[in-house]
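Undergrad: One file: structure30.tsv (TSV, C-alpha atoms).
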```tsv
chain	number	residue	atom	x	y	z
A	1	MET	CA	0.00	0.00	0.00
A	2	VAL	CA	2.80	2.41	0.90
A	3	ALA	CA	4.65	1.62	-2.33
A	4	GLY	CA	1.49	2.14	-4.36
A	5	LEU	CA	0.70	5.47	-2.71
A	6	LEU	CA	4.25	6.78	-3.17
A	7	ALA	CA	4.44	5.62	-6.77
A	8	GLY	CA	1.06	7.16	-7.51
A	9	ALA	CA	2.12	10.46	-5.94
A	10	LEU	CA	5.21	10.46	-8.16
A	11	GLY	CA	3.11	9.84	-11.24
A	12	ALA	CA	4.39	6.31	-11.87
A	13	ASP	CA	2.21	3.68	-13.53
A	14	THR	CA	1.02	1.37	-10.75
A	15	THR	CA	-1.26	-0.76	-12.93
A	16	GLY	CA	1.26	-2.59	-15.11
A	17	PRO	CA	3.18	-5.81	-14.40
A	18	ASP	CA	6.49	-3.92	-14.19
A	19	PHE	CA	5.41	-2.08	-11.04
A	20	TYR	CA	3.82	-5.24	-9.65
A	21	PHE	CA	6.90	-7.45	-10.00
A	22	TRP	CA	9.75	-4.93	-9.73
A	23	VAL	CA	8.39	-2.86	-6.83
A	24	LEU	CA	5.31	-4.21	-5.07
A	25	ILE	CA	6.20	-7.87	-4.58
A	26	PRO	CA	9.83	-7.27	-3.45
A	27	LEU	CA	8.77	-4.58	-0.95
A	28	GLN	CA	5.88	-6.69	0.28
A	29	ASN	CA	8.15	-9.67	0.92
A	30	LEU	CA	10.79	-7.54	2.64
A	31	GLY	CA	8.06	-6.13	4.87
A	32	HIS	CA	6.91	-9.63	5.79
A	33	ILE	CA	10.46	-10.73	6.65
A	34	GLY	CA	10.93	-7.63	8.83
A	35	ALA	CA	7.68	-8.35	10.66
A	36	LEU	CA	8.69	-11.97	11.20
A	37	ALA	CA	12.06	-10.88	12.59
A	38	LEU	CA	10.36	-8.55	15.08
A	39	ILE	CA	7.97	-11.28	16.20
A	40	ALA	CA	10.83	-13.77	16.63
A	41	LYS	CA	12.81	-11.26	18.68
A	42	GLY	CA	9.75	-10.53	20.80
A	43	ARG	CA	9.35	-14.23	21.55
A	44	GLY	CA	12.94	-14.51	22.76
A	45	PHE	CA	14.61	-16.25	19.81
A	46	PRO	CA	18.17	-15.11	19.11
A	47	ASP	CA	17.66	-15.16	15.35
A	48	LEU	CA	14.92	-15.63	12.78
A	49	ALA	CA	16.31	-18.89	11.39
A	50	GLU	CA	16.07	-20.61	14.78
A	51	ALA	CA	12.61	-19.23	15.44
A	52	LEU	CA	11.25	-20.66	12.17
A	53	SER	CA	13.37	-23.85	11.94
A	54	PHE	CA	14.77	-22.36	8.74
A	55	GLU	CA	17.31	-24.93	7.62
A	56	VAL	CA	17.98	-25.36	3.92
A	57	GLU	CA	20.35	-28.07	2.70
A	58	PRO	CA	21.51	-28.72	-0.88
A	59	HIS	CA	19.70	-32.06	-1.01
A	60	HIS	CA	16.40	-30.27	-0.30
A	61	ALA	CA	16.53	-28.93	-3.88
A	62	ARG	CA	15.15	-32.23	-5.17
A	63	TRP	CA	11.78	-31.18	-3.78
A	64	VAL	CA	11.53	-28.64	-6.62
A	65	LEU	CA	10.75	-31.55	-8.95
A	66	ALA	CA	8.25	-32.95	-6.46
A	67	GLY	CA	6.48	-29.58	-6.24
A	68	ALA	CA	6.34	-29.30	-10.03
A	69	ALA	CA	4.91	-32.82	-10.26
A	70	ILE	CA	2.32	-32.07	-7.56
A	71	SER	CA	0.96	-29.17	-9.63
A	72	ILE	CA	-0.30	-31.58	-12.30
A	73	PRO	CA	-2.72	-33.69	-10.18
A	74	LEU	CA	-3.83	-30.54	-8.35
A	75	ALA	CA	-4.69	-28.93	-11.69
A	76	TRP	CA	-6.65	-32.07	-12.61
A	77	LEU	CA	-8.38	-31.91	-9.21
A	78	ALA	CA	-9.42	-28.30	-9.83
A	79	ALA	CA	-10.72	-29.14	-13.31
A	80	GLY	CA	-12.58	-32.19	-12.00
A	81	LEU	CA	-14.24	-30.24	-9.21
A	82	ARG	CA	-15.34	-27.51	-11.61
A	83	SER	CA	-16.79	-30.13	-13.93
A	84	LEU	CA	-18.51	-31.99	-11.07
A	85	LEU	CA	-20.06	-28.79	-9.73
A	86	GLY	CA	-21.06	-27.55	-13.17
A	87	ILE	CA	-18.77	-24.50	-13.02
A	88	GLU	CA	-17.95	-23.42	-16.54
A	89	GLU	CA	-15.74	-20.42	-15.84
A	90	GLU	CA	-12.16	-20.69	-14.61
A	91	THR	CA	-11.30	-17.81	-12.33
A	92	ALA	CA	-7.61	-16.89	-12.33
A	93	GLN	CA	-5.99	-15.05	-9.46
A	94	ALA	CA	-5.01	-11.44	-10.12
A	95	ILE	CA	-1.33	-12.37	-9.92
A	96	VAL	CA	-1.88	-15.12	-12.53
A	97	GLU	CA	-3.42	-12.59	-14.89
A	98	ALA	CA	-0.52	-10.20	-14.25
A	99	VAL	CA	1.98	-12.94	-15.12
A	100	ALA	CA	0.07	-13.79	-18.28
A	101	GLU	CA	0.37	-10.15	-19.39
A	102	THR	CA	4.12	-10.02	-18.76
A	103	ARG	CA	6.32	-9.25	-21.74
A	104	GLY	CA	10.07	-8.78	-21.96
A	105	THR	CA	12.99	-10.81	-20.69
A	106	THR	CA	13.87	-8.56	-17.74
A	107	THR	CA	10.32	-8.43	-16.41
A	108	MET	CA	9.96	-12.19	-16.85
A	109	ALA	CA	13.14	-12.60	-14.78
A	110	ALA	CA	11.60	-10.41	-12.06
A	111	VAL	CA	8.48	-12.59	-12.17
A	112	VAL	CA	10.52	-15.77	-11.70
A	113	VAL	CA	12.42	-14.28	-8.74
A	114	GLY	CA	9.28	-12.90	-7.12
A	115	VAL	CA	6.96	-15.83	-7.71
A	116	ALA	CA	9.26	-18.86	-7.67
A	117	VAL	CA	11.83	-17.65	-5.09
A	118	LEU	CA	10.72	-14.81	-2.81
A	119	GLY	CA	7.06	-15.81	-2.64
A	120	PRO	CA	7.60	-19.44	-1.57
A	121	VAL	CA	10.33	-18.50	0.92
A	122	VAL	CA	8.26	-15.84	2.67
A	123	GLU	CA	4.97	-17.75	2.59
A	124	GLU	CA	6.63	-20.84	4.06
A	125	MET	CA	8.36	-18.71	6.70
A	126	ILE	CA	4.94	-17.43	7.75
A	127	HIS	CA	2.74	-20.52	7.56
A	128	ARG	CA	5.01	-23.55	7.98
A	129	GLY	CA	7.51	-21.48	9.99
A	130	LEU	CA	6.06	-19.01	12.48
A	131	VAL	CA	2.45	-20.23	12.71
A	132	TYR	CA	3.39	-23.92	12.69
A	133	ARG	CA	6.05	-23.38	15.35
A	134	MET	CA	3.65	-21.44	17.58
A	135	LEU	CA	0.94	-24.12	17.30
A	136	VAL	CA	3.27	-27.03	17.98
A	137	GLY	CA	4.81	-25.01	20.81
A	138	LYS	CA	1.45	-25.08	22.56
A	139	ASP	CA	1.75	-28.88	22.84
A	140	ARG	CA	-0.70	-29.52	20.04
A	141	LYS	CA	-0.24	-32.50	17.77
A	142	PRO	CA	1.53	-31.79	14.47
A	143	ILE	CA	-1.57	-32.87	12.52
A	144	MET	CA	-3.53	-29.99	14.04
A	145	ALA	CA	-0.77	-27.54	13.14
A	146	VAL	CA	-0.75	-28.89	9.57
A	147	ILE	CA	-4.52	-28.44	9.23
A	148	VAL	CA	-4.63	-24.97	10.80
A	149	THR	CA	-1.73	-23.65	8.72
A	150	SER	CA	-3.34	-25.08	5.57
A	151	VAL	CA	-6.60	-23.28	6.36
A	152	LEU	CA	-4.71	-20.02	6.92
A	153	PHE	CA	-2.62	-20.57	3.78
A	154	SER	CA	-5.73	-20.86	1.61
A	155	ALA	CA	-7.68	-18.17	3.49
A	156	ILE	CA	-4.95	-15.54	3.05
A	157	HIS	CA	-5.50	-15.75	-0.70
A	158	MET	CA	-8.99	-14.36	-0.14
A	159	VAL	CA	-7.47	-10.88	-0.15
A	160	ASP	CA	-7.77	-11.35	-3.92
A	161	PRO	CA	-11.34	-10.35	-4.91
A	162	SER	CA	-11.08	-12.44	-8.08
A	163	LEU	CA	-11.52	-15.56	-5.91
A	164	TYR	CA	-14.96	-14.49	-4.66
A	165	SER	CA	-16.83	-16.87	-6.96
A	166	ALA	CA	-17.69	-20.55	-7.30
A	167	ALA	CA	-14.56	-21.13	-9.39
A	168	GLY	CA	-12.55	-19.18	-6.81
A	169	ALA	CA	-13.86	-21.49	-4.08
A	170	VAL	CA	-12.46	-24.44	-6.02
A	171	THR	CA	-9.09	-22.68	-6.23
A	172	LEU	CA	-9.12	-22.11	-2.46
A	173	LEU	CA	-9.92	-25.78	-1.87
A	174	VAL	CA	-6.99	-26.82	-4.07
A	175	LEU	CA	-4.73	-24.39	-2.18
A	176	PHE	CA	-5.86	-26.02	1.06
A	177	ALA	CA	-4.92	-29.44	-0.32
A	178	PHE	CA	-1.53	-28.08	-1.39
A	179	GLY	CA	-1.09	-26.59	2.09
A	180	LEU	CA	-1.71	-30.02	3.61
A	181	LEU	CA	1.07	-31.47	1.47
A	182	LEU	CA	3.49	-28.69	2.43
A	183	GLY	CA	2.55	-28.97	6.10
A	184	THR	CA	3.12	-32.72	6.03
A	185	LEU	CA	6.59	-32.12	4.60
A	186	ARG	CA	7.30	-29.65	7.39
A	187	ALA	CA	6.10	-32.06	10.07
A	188	ARG	CA	8.02	-35.05	8.72
A	189	THR	CA	11.33	-33.28	8.02
A	190	GLY	CA	11.33	-30.85	10.94
A	191	THR	CA	12.57	-27.97	8.80
A	192	LEU	CA	11.37	-25.50	6.16
A	193	GLY	CA	13.75	-26.50	3.36
A	194	PRO	CA	11.64	-29.20	1.66
A	195	SER	CA	8.39	-27.23	1.82
A	196	ILE	CA	10.10	-24.11	0.41
A	197	PHE	CA	11.54	-26.00	-2.56
A	198	ALA	CA	8.29	-27.90	-3.19
A	199	HIS	CA	6.35	-24.61	-3.12
A	200	SER	CA	8.91	-23.11	-5.48
A	201	GLY	CA	8.60	-26.04	-7.88
A	202	PHE	CA	4.80	-25.73	-7.89
A	203	ASN	CA	4.97	-22.01	-8.69
A	204	LEU	CA	7.71	-22.54	-11.27
A	205	MET	CA	5.59	-25.09	-13.13
A	206	THR	CA	2.70	-22.62	-13.15
A	207	LEU	CA	5.01	-19.97	-14.61
A	208	VAL	CA	6.16	-22.31	-17.35
A	209	VAL	CA	2.53	-22.96	-18.29
A	210	LEU	CA	1.67	-19.25	-18.24
A	211	PHE	CA	4.72	-18.24	-20.26
A	212	PHE	CA	4.67	-20.97	-22.90
A	213	LEU	CA	1.22	-22.60	-22.98
A	214	PRO	CA	-2.18	-21.05	-23.65
A	215	THR	CA	-4.02	-22.36	-20.58
A	216	PRO	CA	-2.96	-21.00	-17.16
A	217	GLY	CA	-2.43	-23.11	-14.09
A	218	PRO	CA	-4.75	-22.93	-11.08
A	219	SER	CA	-2.93	-20.62	-8.69
A	220	PHE	CA	0.18	-19.68	-6.76
```
Translate the structure described by the file into C-alpha cells.

TA:
Amino acid sequence: MVAGLLAGALGADTTGPDFYFWVLIPLQNLGHIGALALIAKGRGFPDLAEALSFEVEPHHARWVLAGAAISIPLAWLAAGLRSLLGIEEETAQAIVEAVAETRGTTTMAAVVVGVAVLGPVVEEMIHRGLVYRMLVGKDRKPIMAVIVTSVLFSAIHMVDPSLYSAAGAVTLLVLFAFGLLLGTLRARTGTLGPSIFAHSGFNLMTLVVLFFLPTPGPSF
C-alpha cells in the first residue's frame, strides 16, 4: 500500500506488471520478513532462522521436482471439481493474470524471482515457519498444526477479490490441499527447506505454463 501510494504520488504507472513485480512484490516480501524478525525477537529467539526452523540443505533442492509434479494432479483436481459442480468459468488469481500479461525478458526474470523464489520462501516462513512453530509449541499434535496452517494458507489468498466466486472457491480448496502437502513435509522433516523447494517447484511449473502454454495453471 505504501509503495502504491508513493508511486502514484510520483506519477508512476502502478497498474502494469512492471510495477507489480519490480516494486510491489519485493517490498511486500521484505516487509513480511521484517515483521517476522520482530515477532521472533519478541518471543525470545536469538535469530529468525532458529525461530522458524529455517534450515535449507543442498539435497532439499530435489523437492523442486516434487512440487512441479504435484501441480499436475492438483490442476486435474481443480478441473474435475469444476466439472462436477457444473462451473464453466475458470477464475484466475489477479497475480496469474498479471503474469500472463508479462512481456520482456527482464520483467519475466523479475516474475521468476518474485513468484518462484521470494514468494515461496516468505509464505513458508509465515505458515510452515512461524504459525506452525507457535501451534506445535502449545503442545498440540503436528496434525492440528498442519490443518490450521493449511486453512490459513488458503484463506490468506482471499485478499484477492477475483476468488470471490464458485470457481474461486475451487481454487481455495486446491490451495488447502496443497497446504496439507506442504505442512506434512514440514512435520516429517522438521525444517522448512523441503516445503520451500516444493512450493517453489509448484509455482515454477505454473510460470512455465503461463509463459509458454495457452491455458494458465490454477494458482500460486

Undergrad: Using all atoms listed in the file, find each residue in stretch 27-57 of chain A having at least one atom no more than 9 Å away from stretch 106-122 of chain A; report its shortest atom-to-atom pair and that distance in Å (one decimal), rows by chain then rising number, as a tab-separated table.

TA:
```
residue	atom	partner	partner_atom	distance
A:Asn29	CA	A:Val122	CA	6.4
A:Leu30	CA	A:Val122	CA	8.7
A:His32	CA	A:Val122	CA	7.1
A:Ile33	CA	A:Val122	CA	6.8
```

Undergrad: Any idea what the distance is between atom CA of A:Met158 and atom CA of A:Leu48?

TA: 27.2 Å

Undergrad: Using only C-alpha atoms, pick whichever of A:Pro73, A:Gly179, A:Gly42, A:Gly8 has the shortest atom-to-atom distance to A:His127.

TA: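 Of the candidates, the smallest distance to A:His127 is held by A:Gly179.
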
Undergrad: Atom CA of A:Asn203 to atom CA of A:Ser71: how many Å, to one decimal?

TA: 8.3 Å

Undergrad: May I ask for the distance between atom CA of A:Thr149 and atom CA of A:Val2, given in Å to one decimal place?

TA: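 So the answer is 27.6 Å.
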
Undergrad: Enclose all atoms of stretch 162-174 of chain A listed in the file in an axis-aligned box, grow every side by 6 Å, and hand back centre and edge lengths in Å to one decimal, as lines of an AutoDock Vina configuration file.

TA:
```
center_x = -12.3
center_y = -19.6
center_z = -5.6
size_x = 22.7
size_y = 26.4
size_z = 19.5
```

Undergrad: Out of A:Val64, A:Ile156, A:Ala167, A:Val148, which residue has the shortest atom-to-atom distance to A:Leu84 when counting only C-alpha atoms?

TA: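 Answer, going by the shortest atom-to-atom distance: A:Ala167.
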
Undergrad: Closest to A:Ala66 among A:Leu213, A:Leu180, A:Leu204, A:Ala198, using all atoms listed in the file?

TA: A:Ala198

Undergrad: Might you pull out every residue within 8 Å of A:Pro17, with only C-alpha atoms counted and same-chain residues fewer than 6 positions away left off, and present them as JSON, numbers by chain?

TA: {"A": [98, 99, 101, 102, 107]}

Undergrad: Could you please take those selected residues and save C-alpha atoms as a compact mmCIF listing (two decimals), in the coordinates of the input?

TA:
```txt
# COMPACT_ATOMS: atom_id res chain seq x y z
CA ALA A 98 -0.52 -10.20 -14.25
CA VAL A 99 1.98 -12.94 -15.12
CA GLU A 101 0.37 -10.15 -19.39
CA THR A 102 4.12 -10.02 -18.76
CA THR A 107 10.32 -8.43 -16.41
```

Undergrad: Using all atoms listed in the file for the distances, tell me which of A:Ala75, A:Ile95, A:Tyr132, A:Ala49 is nearest to A:Leu24.

TA: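 The closest residue to A:Leu24 is A:Ile95.
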